[in-house]
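Structure data follow from data10.csv (CSV, N, CA and C atoms):
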```csv
chain,number,residue,atom,x,y,z
A,1,MET,N,0.9,-1.2,0.0
A,1,MET,CA,0.0,0.0,0.0
A,1,MET,C,0.9,1.2,0.0
A,2,ASP,N,0.7,2.2,-0.9
A,2,ASP,CA,1.5,3.4,-1.0
A,2,ASP,C,1.1,4.4,0.1
A,3,THR,N,1.9,5.4,0.2
A,3,THR,CA,1.7,6.4,1.3
A,3,THR,C,0.4,7.1,1.0
A,4,ASP,N,0.0,7.5,-0.2
A,4,ASP,CA,-1.2,8.1,-0.5
A,4,ASP,C,-2.4,7.3,0.0
A,5,GLY,N,-2.3,6.0,-0.3
A,5,GLY,CA,-3.4,5.1,0.1
A,5,GLY,C,-3.6,5.1,1.6
A,6,CYS,N,-2.4,5.1,2.4
A,6,CYS,CA,-2.5,5.1,3.8
A,6,CYS,C,-3.1,6.4,4.3
A,7,GLN,N,-2.7,7.5,3.7
A,7,GLN,CA,-3.3,8.8,4.1
A,7,GLN,C,-4.8,8.8,3.9
A,8,GLN,N,-5.3,8.3,2.8
A,8,GLN,CA,-6.7,8.2,2.5
A,8,GLN,C,-7.4,7.4,3.5
A,9,LEU,N,-6.8,6.3,3.9
A,9,LEU,CA,-7.5,5.4,4.9
A,9,LEU,C,-7.5,6.0,6.3
A,10,ARG,N,-6.5,6.8,6.6
A,10,ARG,CA,-6.4,7.4,7.9
A,10,ARG,C,-7.6,8.4,8.0
A,11,SER,N,-8.2,8.9,6.9
A,11,SER,CA,-9.3,9.8,7.1
A,11,SER,C,-10.6,9.0,7.3
A,12,LEU,N,-10.6,7.7,7.4
A,12,LEU,CA,-11.8,6.9,7.6
A,12,LEU,C,-11.9,6.5,9.1
A,13,SER,N,-11.6,7.3,10.0
A,13,SER,CA,-11.6,6.9,11.4
A,13,SER,C,-13.1,6.6,11.8
A,14,GLN,N,-13.2,5.7,12.8
A,14,GLN,CA,-14.5,5.3,13.2
A,14,GLN,C,-15.3,6.4,13.7
A,15,SER,N,-14.7,7.3,14.5
A,15,SER,CA,-15.5,8.4,15.0
A,15,SER,C,-16.0,9.3,13.9
A,16,GLU,N,-15.2,9.5,12.9
A,16,GLU,CA,-15.6,10.3,11.7
A,16,GLU,C,-16.7,9.6,11.0
A,17,LEU,N,-16.7,8.3,10.9
A,17,LEU,CA,-17.8,7.6,10.2
A,17,LEU,C,-19.1,7.8,11.0
A,18,ILE,N,-19.0,7.6,12.3
A,18,ILE,CA,-20.2,7.7,13.2
A,18,ILE,C,-20.7,9.2,13.1
A,19,ASP,N,-19.8,10.2,13.2
A,19,ASP,CA,-20.2,11.6,13.2
A,19,ASP,C,-21.0,11.9,11.9
A,20,ASN,N,-20.7,11.2,10.8
A,20,ASN,CA,-21.3,11.5,9.5
A,20,ASN,C,-22.5,10.5,9.2
A,21,MET,N,-22.9,9.8,10.2
A,21,MET,CA,-24.0,8.8,10.0
A,21,MET,C,-25.3,9.4,9.5
A,22,GLU,N,-25.5,10.7,9.8
A,22,GLU,CA,-26.8,11.3,9.3
A,22,GLU,C,-26.8,11.3,7.8
A,23,ASP,N,-25.6,11.5,7.2
A,23,ASP,CA,-25.5,11.6,5.8
A,23,ASP,C,-25.2,10.2,5.1
A,24,THR,N,-25.0,9.2,6.0
A,24,THR,CA,-24.6,7.9,5.5
A,24,THR,C,-25.5,6.8,5.9
A,25,ASP,N,-25.8,5.9,4.9
A,25,ASP,CA,-26.6,4.7,5.3
A,25,ASP,C,-25.7,3.6,5.9
A,26,PHE,N,-26.3,2.6,6.4
A,26,PHE,CA,-25.5,1.6,7.1
A,26,PHE,C,-24.6,0.8,6.1
A,27,GLU,N,-25.1,0.6,4.9
A,27,GLU,CA,-24.3,-0.1,3.9
A,27,GLU,C,-23.0,0.7,3.6
A,28,THR,N,-23.1,2.0,3.5
A,28,THR,CA,-21.9,2.8,3.2
A,28,THR,C,-21.0,2.7,4.5
A,29,LEU,N,-21.5,2.8,5.6
A,29,LEU,CA,-20.8,2.7,6.9
A,29,LEU,C,-20.0,1.3,6.9
A,30,GLU,N,-20.7,0.2,6.6
A,30,GLU,CA,-20.0,-1.1,6.6
A,30,GLU,C,-18.9,-1.1,5.6
A,31,ALA,N,-19.1,-0.5,4.4
A,31,ALA,CA,-18.1,-0.5,3.3
A,31,ALA,C,-16.9,0.2,3.8
A,32,GLU,N,-17.1,1.4,4.4
A,32,GLU,CA,-15.9,2.2,4.9
A,32,GLU,C,-15.2,1.4,6.0
A,33,ALA,N,-15.9,0.8,6.9
A,33,ALA,CA,-15.3,0.0,8.0
A,33,ALA,C,-14.5,-1.2,7.4
A,34,GLY,N,-15.1,-1.7,6.3
A,34,GLY,CA,-14.4,-2.8,5.6
A,34,GLY,C,-13.1,-2.4,5.0
A,35,LYS,N,-13.0,-1.2,4.6
A,35,LYS,CA,-11.8,-0.7,4.0
A,35,LYS,C,-10.7,-0.6,5.1
A,36,LEU,N,-11.0,-0.3,6.3
A,36,LEU,CA,-10.1,-0.3,7.4
A,36,LEU,C,-9.5,-1.7,7.6
A,37,VAL,N,-10.4,-2.7,7.6
A,37,VAL,CA,-10.1,-4.1,7.8
A,37,VAL,C,-9.1,-4.5,6.7
A,38,MET,N,-9.5,-4.2,5.5
A,38,MET,CA,-8.6,-4.6,4.3
A,38,MET,C,-7.3,-3.9,4.4
A,39,ALA,N,-7.2,-2.7,4.8
A,39,ALA,CA,-6.0,-1.9,4.9
A,39,ALA,C,-5.1,-2.6,6.0
A,40,ARG,N,-5.7,-3.0,7.1
A,40,ARG,CA,-4.9,-3.7,8.1
A,40,ARG,C,-4.3,-5.0,7.6
A,41,GLN,N,-5.1,-5.8,6.9
A,41,GLN,CA,-4.6,-7.0,6.4
A,41,GLN,C,-3.5,-6.8,5.4
A,42,GLU,N,-3.6,-5.8,4.5
A,42,GLU,CA,-2.6,-5.5,3.6
A,42,GLU,C,-1.3,-5.1,4.3
A,43,LEU,N,-1.4,-4.2,5.3
A,43,LEU,CA,-0.3,-3.8,6.0
A,43,LEU,C,0.4,-4.9,6.8
A,44,GLU,N,-0.4,-5.8,7.4
A,44,GLU,CA,0.2,-6.9,8.1
A,44,GLU,C,0.9,-7.8,7.1
A,45,GLU,N,0.4,-8.0,5.9
A,45,GLU,CA,1.1,-8.8,4.9
A,45,GLU,C,2.4,-8.1,4.5
A,46,LYS,N,2.4,-6.8,4.3
A,46,LYS,CA,3.5,-6.0,3.9
A,46,LYS,C,4.6,-6.2,5.0
A,47,LEU,N,4.2,-6.1,6.3
A,47,LEU,CA,5.1,-6.2,7.4
A,47,LEU,C,5.8,-7.5,7.4
A,48,VAL,N,5.1,-8.6,7.1
A,48,VAL,CA,5.7,-10.0,7.1
A,48,VAL,C,6.7,-10.0,6.0
A,49,ARG,N,6.4,-9.5,4.8
A,49,ARG,CA,7.3,-9.5,3.7
A,49,ARG,C,8.5,-8.6,4.0
A,50,LEU,N,8.3,-7.4,4.6
A,50,LEU,CA,9.5,-6.6,4.9
A,50,LEU,C,10.4,-7.3,5.9
A,51,ARG,N,9.8,-7.8,6.9
A,51,ARG,CA,10.7,-8.5,7.9
A,51,ARG,C,11.4,-9.7,7.3
A,52,GLY,N,10.8,-10.4,6.4
A,52,GLY,CA,11.5,-11.4,5.7
A,52,GLY,C,12.6,-10.9,4.8
A,53,ALA,N,12.4,-9.8,4.1
A,53,ALA,CA,13.4,-9.3,3.1
A,53,ALA,C,14.5,-8.5,3.8
A,54,VAL,N,14.2,-7.7,4.7
A,54,VAL,CA,15.2,-6.8,5.3
A,54,VAL,C,15.5,-7.0,6.7
A,55,GLY,N,14.8,-7.9,7.4
A,55,GLY,CA,15.0,-8.2,8.8
A,55,GLY,C,14.1,-7.2,9.6
A,56,MET,N,14.4,-7.3,10.9
A,56,MET,CA,13.6,-6.6,11.9
A,56,MET,C,14.0,-5.1,12.0
A,57,ARG,N,15.2,-4.8,11.5
A,57,ARG,CA,15.7,-3.4,11.8
A,57,ARG,C,15.8,-2.6,10.5
A,58,SER,N,14.7,-2.0,10.1
A,58,SER,CA,14.7,-1.1,8.9
A,58,SER,C,13.6,-0.1,9.1
A,59,LEU,N,13.8,1.1,8.5
A,59,LEU,CA,12.8,2.1,8.6
A,59,LEU,C,11.5,1.7,7.9
A,60,GLY,N,11.6,0.8,6.9
A,60,GLY,CA,10.4,0.3,6.2
A,60,GLY,C,9.6,-0.4,7.2
A,61,VAL,N,10.2,-1.3,8.0
A,61,VAL,CA,9.5,-2.0,9.1
A,61,VAL,C,8.8,-1.0,10.1
A,62,ALA,N,9.6,0.0,10.5
A,62,ALA,CA,9.1,1.0,11.4
A,62,ALA,C,7.9,1.7,10.9
A,63,ALA,N,8.0,2.0,9.6
A,63,ALA,CA,6.9,2.8,8.9
A,63,ALA,C,5.6,1.9,8.8
A,64,ALA,N,5.8,0.6,8.5
A,64,ALA,CA,4.7,-0.3,8.4
A,64,ALA,C,4.0,-0.5,9.8
A,65,LEU,N,4.9,-0.6,10.8
A,65,LEU,CA,4.3,-0.7,12.2
A,65,LEU,C,3.5,0.5,12.6
A,66,HIS,N,4.1,1.7,12.2
A,66,HIS,CA,3.4,2.9,12.5
A,66,HIS,C,2.0,3.0,11.8
A,67,ASP,N,2.0,2.6,10.5
A,67,ASP,CA,0.8,2.6,9.7
A,67,ASP,C,-0.3,1.6,10.3
A,68,LEU,N,0.2,0.5,10.7
A,68,LEU,CA,-0.7,-0.5,11.4
A,68,LEU,C,-1.3,0.0,12.6
A,69,GLY,N,-0.4,0.7,13.4
A,69,GLY,CA,-0.9,1.3,14.6
A,69,GLY,C,-2.0,2.4,14.4
A,70,VAL,N,-1.8,3.2,13.3
A,70,VAL,CA,-2.8,4.2,13.0
A,70,VAL,C,-4.1,3.5,12.6
A,71,ILE,N,-4.0,2.5,11.7
A,71,ILE,CA,-5.2,1.8,11.2
A,71,ILE,C,-5.9,1.2,12.4
A,72,CYS,N,-5.2,0.5,13.3
A,72,CYS,CA,-5.8,-0.1,14.5
A,72,CYS,C,-6.5,0.9,15.4
A,73,ARG,N,-5.8,2.1,15.6
A,73,ARG,CA,-6.5,3.1,16.4
A,73,ARG,C,-7.8,3.6,15.8
A,74,GLU,N,-7.7,3.9,14.5
A,74,GLU,CA,-8.9,4.3,13.8
A,74,GLU,C,-10.0,3.3,13.8
A,75,GLY,N,-9.6,2.0,13.8
A,75,GLY,CA,-10.6,1.0,13.8
A,75,GLY,C,-11.1,0.6,15.2
A,76,GLY,N,-10.5,1.3,16.2
A,76,GLY,CA,-11.0,1.1,17.6
A,76,GLY,C,-10.2,0.0,18.4
A,77,ASN,N,-9.2,-0.6,17.8
A,77,ASN,CA,-8.4,-1.6,18.5
A,77,ASN,C,-7.2,-0.9,19.1
A,78,LEU,N,-7.5,-0.3,20.3
A,78,LEU,CA,-6.5,0.5,20.9
A,78,LEU,C,-5.3,-0.2,21.5
A,79,LEU,N,-5.6,-1.4,22.0
A,79,LEU,CA,-4.5,-2.3,22.5
A,79,LEU,C,-3.5,-2.6,21.4
A,80,ALA,N,-4.0,-3.1,20.3
A,80,ALA,CA,-3.1,-3.4,19.1
A,80,ALA,C,-2.4,-2.1,18.6
A,81,ALA,N,-3.1,-1.0,18.6
A,81,ALA,CA,-2.6,0.3,18.1
A,81,ALA,C,-1.4,0.7,19.0
A,82,ARG,N,-1.6,0.6,20.3
A,82,ARG,CA,-0.5,0.9,21.3
A,82,ARG,C,0.7,0.0,21.1
A,83,GLN,N,0.5,-1.3,20.9
A,83,GLN,CA,1.6,-2.2,20.7
A,83,GLN,C,2.4,-1.9,19.4
A,84,TYR,N,1.7,-1.7,18.3
A,84,TYR,CA,2.3,-1.4,17.0
A,84,TYR,C,3.1,-0.1,17.1
A,85,LEU,N,2.5,0.9,17.6
A,85,LEU,CA,3.1,2.2,17.7
A,85,LEU,C,4.3,2.2,18.6
A,86,GLN,N,4.2,1.5,19.7
A,86,GLN,CA,5.4,1.5,20.6
A,86,GLN,C,6.5,0.7,20.0
A,87,GLU,N,6.2,-0.3,19.3
A,87,GLU,CA,7.3,-1.1,18.5
A,87,GLU,C,7.9,-0.2,17.5
A,88,SER,N,7.1,0.6,16.8
A,88,SER,CA,7.6,1.5,15.7
A,88,SER,C,8.5,2.5,16.4
A,89,LEU,N,8.0,3.1,17.5
A,89,LEU,CA,8.8,4.1,18.2
A,89,LEU,C,10.1,3.6,18.6
A,90,ASP,N,10.1,2.4,19.2
A,90,ASP,CA,11.4,1.8,19.7
A,90,ASP,C,12.4,1.6,18.6
A,91,LEU,N,11.8,1.0,17.5
A,91,LEU,CA,12.7,0.7,16.3
A,91,LEU,C,13.2,2.0,15.7
A,92,SER,N,12.3,3.0,15.5
A,92,SER,CA,12.8,4.3,14.9
A,92,SER,C,13.9,4.9,15.8
A,93,GLN,N,13.7,4.9,17.1
A,93,GLN,CA,14.7,5.5,18.0
A,93,GLN,C,16.0,4.7,17.9
A,94,LYS,N,16.0,3.4,17.8
A,94,LYS,CA,17.2,2.6,17.6
A,94,LYS,C,17.9,2.9,16.3
A,95,LEU,N,17.2,3.1,15.2
A,95,LEU,CA,17.7,3.3,13.9
A,95,LEU,C,18.2,4.7,13.7
A,96,LEU,N,17.5,5.7,14.3
A,96,LEU,CA,17.7,7.1,14.0
A,96,LEU,C,18.5,7.8,15.1
A,97,GLY,N,18.6,7.1,16.3
A,97,GLY,CA,19.3,7.8,17.4
A,97,GLY,C,18.3,8.6,18.2
A,98,LYS,N,18.8,9.3,19.2
A,98,LYS,CA,18.0,10.1,20.1
A,98,LYS,C,17.7,11.5,19.5
A,99,GLY,N,18.3,11.9,18.4
A,99,GLY,CA,18.1,13.2,17.9
A,99,GLY,C,16.7,13.4,17.3
A,100,PRO,N,16.3,14.6,17.0
A,100,PRO,CA,15.0,14.9,16.5
A,100,PRO,C,14.8,14.2,15.2
A,101,SER,N,13.6,13.7,15.0
A,101,SER,CA,13.2,13.1,13.7
A,101,SER,C,11.7,13.1,13.5
A,102,ALA,N,11.3,13.3,12.3
A,102,ALA,CA,9.8,13.3,12.0
A,102,ALA,C,9.2,12.0,12.3
A,103,GLU,N,9.9,10.9,12.0
A,103,GLU,CA,9.4,9.5,12.3
A,103,GLU,C,9.1,9.3,13.8
A,104,VAL,N,10.0,9.7,14.6
A,104,VAL,CA,9.8,9.6,16.1
A,104,VAL,C,8.7,10.5,16.5
A,105,ALA,N,8.7,11.7,16.0
A,105,ALA,CA,7.6,12.7,16.4
A,105,ALA,C,6.2,12.1,16.0
A,106,ALA,N,6.1,11.5,14.8
A,106,ALA,CA,4.9,11.0,14.4
A,106,ALA,C,4.4,9.8,15.3
A,107,CYS,N,5.3,9.0,15.7
A,107,CYS,CA,5.0,7.8,16.6
A,107,CYS,C,4.5,8.4,17.9
A,108,LEU,N,5.2,9.3,18.5
A,108,LEU,CA,4.8,9.9,19.7
A,108,LEU,C,3.5,10.6,19.7
A,109,HIS,N,3.2,11.2,18.6
A,109,HIS,CA,1.9,11.9,18.4
A,109,HIS,C,0.8,10.9,18.4
A,110,GLU,N,0.9,9.8,17.6
A,110,GLU,CA,-0.1,8.8,17.5
A,110,GLU,C,-0.3,8.1,18.8
A,111,LEU,N,0.8,7.8,19.5
A,111,LEU,CA,0.7,7.2,20.9
A,111,LEU,C,0.0,8.1,21.8
A,112,GLY,N,0.2,9.4,21.7
A,112,GLY,CA,-0.6,10.4,22.5
A,112,GLY,C,-2.0,10.3,22.2
A,113,LEU,N,-2.4,10.1,21.0
A,113,LEU,CA,-3.8,10.0,20.6
A,113,LEU,C,-4.4,8.7,21.2
A,114,VAL,N,-3.7,7.6,21.2
A,114,VAL,CA,-4.1,6.4,21.8
A,114,VAL,C,-4.3,6.5,23.3
A,115,PHE,N,-3.3,7.1,23.9
A,115,PHE,CA,-3.5,7.3,25.4
A,115,PHE,C,-4.7,8.2,25.7
A,116,ARG,N,-4.9,9.2,24.9
A,116,ARG,CA,-6.1,10.1,25.1
A,116,ARG,C,-7.4,9.3,25.0
A,117,GLU,N,-7.4,8.4,24.0
A,117,GLU,CA,-8.7,7.6,23.8
A,117,GLU,C,-8.9,6.6,24.9
A,118,ILE,N,-7.8,6.1,25.5
A,118,ILE,CA,-8.0,5.2,26.6
A,118,ILE,C,-8.0,5.9,28.0
A,119,ARG,N,-8.0,7.2,27.9
A,119,ARG,CA,-8.2,8.0,29.1
A,119,ARG,C,-6.9,8.0,30.0
A,120,HIS,N,-5.8,7.7,29.5
A,120,HIS,CA,-4.5,7.9,30.2
A,120,HIS,C,-4.0,9.3,29.9
A,121,LEU,N,-4.6,10.3,30.5
A,121,LEU,CA,-4.3,11.6,30.1
A,121,LEU,C,-2.9,12.1,30.4
A,122,ARG,N,-2.3,11.7,31.4
A,122,ARG,CA,-0.9,12.1,31.7
A,122,ARG,C,0.0,11.5,30.7
A,123,MET,N,-0.2,10.3,30.3
A,123,MET,CA,0.7,9.7,29.3
A,123,MET,C,0.4,10.3,27.9
A,124,ALA,N,-0.8,10.7,27.7
A,124,ALA,CA,-1.2,11.4,26.4
A,124,ALA,C,-0.4,12.7,26.4
A,125,GLN,N,-0.5,13.5,27.5
A,125,GLN,CA,0.2,14.8,27.5
A,125,GLN,C,1.7,14.6,27.3
A,126,ARG,N,2.3,13.6,28.0
A,126,ARG,CA,3.7,13.4,27.9
A,126,ARG,C,4.1,13.1,26.5
A,127,SER,N,3.4,12.2,25.9
A,127,SER,CA,3.7,11.8,24.5
A,127,SER,C,3.5,12.9,23.5
A,128,LEU,N,2.5,13.7,23.6
A,128,LEU,CA,2.3,14.8,22.7
A,128,LEU,C,3.3,15.9,22.9
A,129,GLU,N,3.7,16.2,24.2
A,129,GLU,CA,4.7,17.1,24.4
A,129,GLU,C,6.1,16.7,23.9
A,130,LYS,N,6.4,15.4,24.0
A,130,LYS,CA,7.6,14.9,23.5
A,130,LYS,C,7.6,15.0,21.9
A,131,ALA,N,6.4,14.7,21.4
A,131,ALA,CA,6.3,14.8,19.9
A,131,ALA,C,6.6,16.2,19.4
A,132,LEU,N,6.1,17.2,20.1
A,132,LEU,CA,6.3,18.6,19.8
A,132,LEU,C,7.8,19.0,19.9
A,133,GLN,N,8.4,18.5,21.0
A,133,GLN,CA,9.8,18.8,21.2
A,133,GLN,C,10.7,18.1,20.2
A,134,ASN,N,10.3,16.9,19.8
A,134,ASN,CA,11.1,16.1,18.9
A,134,ASN,C,10.9,16.8,17.5
A,135,GLU,N,9.7,17.2,17.1
A,135,GLU,CA,9.5,17.7,15.8
A,135,GLU,C,10.1,19.1,15.7
A,136,GLY,N,10.1,19.8,16.8
A,136,GLY,CA,10.7,21.2,16.8
A,136,GLY,C,12.1,21.2,16.4
A,137,GLY,N,12.9,20.2,16.6
A,137,GLY,CA,14.3,20.1,16.2
A,137,GLY,C,14.5,19.7,14.8
A,138,VAL,N,13.5,19.2,14.1
A,138,VAL,CA,13.6,18.7,12.8
A,138,VAL,C,13.7,19.8,11.8
```
Would you encode the structure as structure tokens?
Amino acid sequence: MDTDGCQQLRSLSQSELIDNMEDTDFETLEAEAGKLVMARQELEEKLVRLRGAVGMRSLGVAAALHDLGVICREGGNLLAARQYLQESLDLSQKLLGKGPSAEVAACLHELGLVFREIRHLRMAQRSLEKALQNEGGV
């Protein structure tokens, strides 16, 4: 799945779908939710291929983990989202070092959103503040 495809799928969050239910029938809602499921399956397959081809330590693997975390968060699977995003963050930090990077900032931002949704507000605040600090140096 290309980056543009991931960006389009990110706009299909569950809350957005529910917010727009007045304008949407249930068949359309199911179709949009189905796209999230398909995107997750495609990303999981991509991750398996990447890990087989380049091993566990590559920015491609970190990016696939990040995208899976985003899809899971938007699909409401917050536990899986947190796990994928944390793995992506850890790998990105190992590969890129402790200096500022857009990849690390993006992971921290998404983790902050997950923590907010599960009502861990202190962790959400910490993650979002770290994301801003990290991105500020990029």
Long-range neighbours of stretch 120-136 of chain A as a ChimeraX atom specification, 5 Å cut-off, only N, CA and C atoms, 3 positions minimum in chain: /A:100-101,105,108-109,112,115-116
Atoms kept (N, CA and C atoms) for selection, written as a short mmCIF file (atom, residue, chain, number, x, y, z; two decimals), in the frame of the given file:
```cif
data_model
loop_
_atom_site.label_atom_id
_atom_site.label_comp_id
_atom_site.auth_asym_id
_atom_site.auth_seq_id
_atom_site.Cartn_x
_atom_site.Cartn_y
_atom_site.Cartn_z
N PRO A 100 16.30 14.60 17.00
CA PRO A 100 15.00 14.90 16.50
C PRO A 100 14.80 14.20 15.20
N SER A 101 13.60 13.70 15.00
CA SER A 101 13.20 13.10 13.70
C SER A 101 11.70 13.10 13.50
N ALA A 105 8.70 11.70 16.00
CA ALA A 105 7.60 12.70 16.40
C ALA A 105 6.20 12.10 16.00
N LEU A 108 5.20 9.30 18.50
CA LEU A 108 4.80 9.90 19.70
C LEU A 108 3.50 10.60 19.70
N HIS A 109 3.20 11.20 18.60
CA HIS A 109 1.90 11.90 18.40
C HIS A 109 0.80 10.90 18.40
N GLY A 112 0.20 9.40 21.70
CA GLY A 112 -0.60 10.40 22.50
C GLY A 112 -2.00 10.30 22.20
N PHE A 115 -3.30 7.10 23.90
CA PHE A 115 -3.50 7.30 25.40
C PHE A 115 -4.70 8.20 25.70
N ARG A 116 -4.90 9.20 24.90
CA ARG A 116 -6.10 10.10 25.10
C ARG A 116 -7.40 9.30 25.00
#
```
Residue contacts of A:Leu65 (5 Å, only N, CA and C atoms) excluding same-chain residues fewer than 4 positions away, as an MDAnalysis selection string: chainID A and resid 61 69 84
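Interatomic distance, atom CA of A:Leu68 against atom CA of A:Gln86: 11.2 Å.
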So the first atom is atom CA of A:Gly60 and the second is atom CA of A:Ile118; what is the distance between them in Å, to one decimal place?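 Atom-to-atom, atom CA of A:Gly60 to atom CA of A:Ile118, that is 27.9 Å.
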In Å, with one decimal, what is the gap from atom CA of A:Cys107 to atom CA of A:Leu78?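 Going from atom CA of A:Cys107 over to atom CA of A:Leu78 covers 14.3 Å.
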List the neighbours of A:Ser92 out to 7 Å using only C-alpha atoms; skip same-chain residues closer than 5 positions along the sequence, and give me the result as a list in words.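 After dropping sequence-adjacent residues, the list is Leu59, Ala62, Glu103 and Val104 of chain A.
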Using only C-alpha atoms, pick whichever of A:Glu110, A:Glu74, A:Asp90, A:Glu42 has the shortest atom-to-atom distance to A:Ser58.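 Smallest distance to A:Ser58 is found for A:Asp90.
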Counting all atoms listed in the file, which residue out of A:Arg57, A:Cys72, A:Val114, A:His66 sits closest to A:Leu95?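 Counting all atoms listed in the file, the residue closest to A:Leu95 is A:Arg57.
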Some atoms are absent from stretch 93-110 of chain A, so rebuild N, CA, C and O atoms and return them as a JSON list (two decimals), in the coordinates of the input.
```json
[["chain", "number", "residue", "atom", "x", "y", "z"],
["A", 93, "GLN", "N", 13.70, 4.90, 17.10],
["A", 93, "GLN", "CA", 14.70, 5.50, 18.00],
["A", 93, "GLN", "C", 16.00, 4.70, 17.90],
["A", 93, "GLN", "O", 17.12, 5.33, 17.90],
["A", 94, "LYS", "N", 16.00, 3.40, 17.80],
["A", 94, "LYS", "CA", 17.20, 2.60, 17.60],
["A", 94, "LYS", "C", 17.90, 2.90, 16.30],
["A", 94, "LYS", "O", 19.15, 3.08, 16.28],
["A", 95, "LEU", "N", 17.20, 3.10, 15.20],
["A", 95, "LEU", "CA", 17.70, 3.30, 13.90],
["A", 95, "LEU", "C", 18.20, 4.70, 13.70],
["A", 95, "LEU", "O", 19.18, 4.99, 13.04],
["A", 96, "LEU", "N", 17.50, 5.70, 14.30],
["A", 96, "LEU", "CA", 17.70, 7.10, 14.00],
["A", 96, "LEU", "C", 18.50, 7.80, 15.10],
["A", 96, "LEU", "O", 18.86, 8.96, 14.98],
["A", 97, "GLY", "N", 18.60, 7.10, 16.30],
["A", 97, "GLY", "CA", 19.30, 7.80, 17.40],
["A", 97, "GLY", "C", 18.30, 8.60, 18.20],
["A", 97, "GLY", "O", 17.10, 8.68, 17.92],
["A", 98, "LYS", "N", 18.80, 9.30, 19.20],
["A", 98, "LYS", "CA", 18.00, 10.10, 20.10],
["A", 98, "LYS", "C", 17.70, 11.50, 19.50],
["A", 98, "LYS", "O", 17.00, 12.28, 20.15],
["A", 99, "GLY", "N", 18.30, 11.90, 18.40],
["A", 99, "GLY", "CA", 18.10, 13.20, 17.90],
["A", 99, "GLY", "C", 16.70, 13.40, 17.30],
["A", 99, "GLY", "O", 15.98, 12.42, 17.15],
["A", 100, "PRO", "N", 16.30, 14.60, 17.00],
["A", 100, "PRO", "CA", 15.00, 14.90, 16.50],
["A", 100, "PRO", "C", 14.80, 14.20, 15.20],
["A", 100, "PRO", "O", 15.66, 14.16, 14.33],
["A", 101, "SER", "N", 13.60, 13.70, 15.00],
["A", 101, "SER", "CA", 13.20, 13.10, 13.70],
["A", 101, "SER", "C", 11.70, 13.10, 13.50],
["A", 101, "SER", "O", 10.95, 13.00, 14.47],
["A", 102, "ALA", "N", 11.30, 13.30, 12.30],
["A", 102, "ALA", "CA", 9.80, 13.30, 12.00],
["A", 102, "ALA", "C", 9.20, 12.00, 12.30],
["A", 102, "ALA", "O", 8.05, 11.91, 12.73],
["A", 103, "GLU", "N", 9.90, 10.90, 12.00],
["A", 103, "GLU", "CA", 9.40, 9.50, 12.30],
["A", 103, "GLU", "C", 9.10, 9.30, 13.80],
["A", 103, "GLU", "O", 8.02, 8.84, 14.14],
["A", 104, "VAL", "N", 10.00, 9.70, 14.60],
["A", 104, "VAL", "CA", 9.80, 9.60, 16.10],
["A", 104, "VAL", "C", 8.70, 10.50, 16.50],
["A", 104, "VAL", "O", 7.83, 10.09, 17.32],
["A", 105, "ALA", "N", 8.70, 11.70, 16.00],
["A", 105, "ALA", "CA", 7.60, 12.70, 16.40],
["A", 105, "ALA", "C", 6.20, 12.10, 16.00],
["A", 105, "ALA", "O", 5.27, 12.23, 16.78],
["A", 106, "ALA", "N", 6.10, 11.50, 14.80],
["A", 106, "ALA", "CA", 4.90, 11.00, 14.40],
["A", 106, "ALA", "C", 4.40, 9.80, 15.30],
["A", 106, "ALA", "O", 3.20, 9.74, 15.60],
["A", 107, "CYS", "N", 5.30, 9.00, 15.70],
["A", 107, "CYS", "CA", 5.00, 7.80, 16.60],
["A", 107, "CYS", "C", 4.50, 8.40, 17.90],
["A", 107, "CYS", "O", 3.49, 7.90, 18.45],
["A", 108, "LEU", "N", 5.20, 9.30, 18.50],
["A", 108, "LEU", "CA", 4.80, 9.90, 19.70],
["A", 108, "LEU", "C", 3.50, 10.60, 19.70],
["A", 108, "LEU", "O", 2.65, 10.46, 20.58],
["A", 109, "HIS", "N", 3.20, 11.20, 18.60],
["A", 109, "HIS", "CA", 1.90, 11.90, 18.40],
["A", 109, "HIS", "C", 0.80, 10.90, 18.40],
["A", 109, "HIS", "O", -0.24, 11.00, 19.06],
["A", 110, "GLU", "N", 0.90, 9.80, 17.60],
["A", 110, "GLU", "CA", -0.10, 8.80, 17.50],
["A", 110, "GLU", "C", -0.30, 8.10, 18.80],
["A", 110, "GLU", "O", -1.38, 7.75, 19.24]]
```
